[in-house]
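See below for the structure under consideration.
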Amino acid sequence: MKKRAYKVLKEEETLCCCEYVNRLGERSHVVACCCDCEDLDDACDRFMKREPQKPESLSHVAEVFTDRIRVPWLWGGARKVDLTIIPPLILLPVLLHLAAFHFLLGMAILIALPGLVLWYYYFTHRKKGQTLFFLSLALFSLAYMYYLFITNVLPRGDVSLVQLAVVTVGVILTLGALVHTKRGPGIVRPNKEAVHSTVTYYSPPADRDPVINGGRQDMTMTVANRAGWSEHTGVELKESSQRNWCPVCRVVRPPRAGHCRICGVCVLRLDHHCVWINSCVGQVNHRSFLLTLVLFLLTSLYGISLVLQSVCPNQHLLTALLYCPGVYDQYSSALCFTCAWYSGIVTCGLLHLLVVQVINVSYNVTEREARIALRDKTARRAYWGLVVDTGVYSQGFRGNWAEFMTMGEKLNPPSPVPTELV
């Protein structure tokens with residue numbers, strides 16, 4: 001087994017920039033993307049002959065197509081491209097430019113666009129699969145708004161170099177905080193010192209696909225040193241270990257940790273899985289996640305104010321979004337006004353997210369804990385559901401924020417040592 005793994009590793013190291021290992025484990029080349037298309041040929045033949053398609057033919061064509069979309073890479077061969085990053089790069093500029101032609105068309109598009117995004121969110125959330133669509137939309141929206149600010153607002157002469165520098169620094173800081181957030185939420189690691197034996201089960205747990213590993217599930221069993229422990233303490237720890245045991249990750253979860261079915265890992269102090277960063281928010285990156293939201297909101301609000309002052313100079317800043325006469329007389333002004341509206345919609349959504357996060361931190365409750373408590377009817381709700389108080393971990397306002405600001409210093413502690421799971 002070790003020789004086989006070493007052989008595969010050596011083959012991957014010798015791949016050139018345009019080579020890759022396909023889904024069948026065979027070596028291939030990006031130039032050969034149109035070769036050996038039996039499934040596609042069969043589907044086309046059946047379509048031309050008006051014959052019914054095979055149930056699995058279209059899915060096979062889609063799998064082959066997504067597997068062959070690669071970009072050359074210097075290290076490790078050609079990299080696979082996730083096709084979900086492409087729609088935002090095309091749809092966002094097209095829809096914003098169409099919305100700038102007329103205010104009725106703009107209203108229709110700006111109403112339909114959030115609805116389309118929400119529909120896709122619930123569609124992907126129901127399938128519990130990862131997607132780069134929302135991360136691509138977020139990053140491209142930030143980059144495209146900055147590009148339009150440079151090319152359409154700055155030439156008007158209403159924005160000074162200092163204001164441009166403030167917007168630029170805001171964009172850079174937002175991206176830097178996002179990169180720091182993407183480093184990881186804090187994954188629960190197994191306690192290697194407590195590993196006692198490995199047992200193979202042929203009856204897969206409920207959360208595991210029975211097809212994986214031929215229905216076989218490997219679990220690492222641990223036995224703690226129980227010298228000096230009372231029998232009562234051992235029984236309590238055994239029950240706690242069984243309750244917090246994750247059959248997928250094969251670890252005992254610490255308090256407040258949770259398993260993310262999208263990422264497939266257990267996360268320390270799991271708050272939620274954020275589709276906008278395509279990552280979980282947990283103990284390690286929760287503070288940087290809030291910092292990313294704050295920096296984005298400040299940069300967005302300041303940029304919107306500069307755009308409205310430029311395209312609607314005779315209107316008050318608070319009413320310019322609702323009433324700006326003559327803004328559609330010039331296409332450039334209409335495009336800037338439409339982008340200000342789009343940025344305002346995004347800002348309102350993220351402002352609501354930030355408010356919920358601040359309230360949860362103030363009550364020392366995670367979004368996951370609030371959802372579970374509401375399901376079990378063990379929490380107190382207030383202010384239209386914005387406040388969810390479980391009363392379990394709260395230490396007062398100052399104590400909760402002090403714990404939140406220092407929790408990132410406890411990086412990746414090992415999972416607790418269970419007693420006996422079998």
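The chains in the structure tokens are called A, B, ... from first to last as shown; in each chain the residues are counted from 1, and the ligands are counted from 1 in the order shown.
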So that I can check the surroundings of segment 104-118 of chain A, please list as a list in words every protein, DNA and RNA residue that reaches within 9 Å of it, counting only C-alpha atoms and ignoring chain neighbours fewer than 2 positions away.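 After dropping sequence-adjacent residues, the list is Leu92, Leu95, Leu96, Leu98, Ala99, Ala100, Phe101, His102, Tyr120, Tyr121, Tyr122, Phe123, Phe134, Thr338, Trp341, Tyr342, Ile345 and Val346 of chain A.
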Per residue of segment 277-319 of chain A within 12 Å of segment 144-147 of chain A, note the shortest atom pair and the distance in Å to one decimal, counting only C-alpha atoms, and order the rows by chain and increasing residue number, as a tab-separated table.
```
residue	atom	partner	partner_atom	distance
A:Thr299	CA	A:Tyr146	CA	10.4
A:Ser300	CA	A:Met145	CA	9.4
A:Gly303	CA	A:Tyr146	CA	8.8
A:Ile304	CA	A:Met145	CA	10.0
A:Val307	CA	A:Met145	CA	10.7
```
Taking the DSSP assignment computed from this structure's backbone, write out as a PyMOL selection string all residues of segment 56-110 of chain A that belong to helix (DSSP H, G or I). chain A and resi 57-68+83-99+103-110
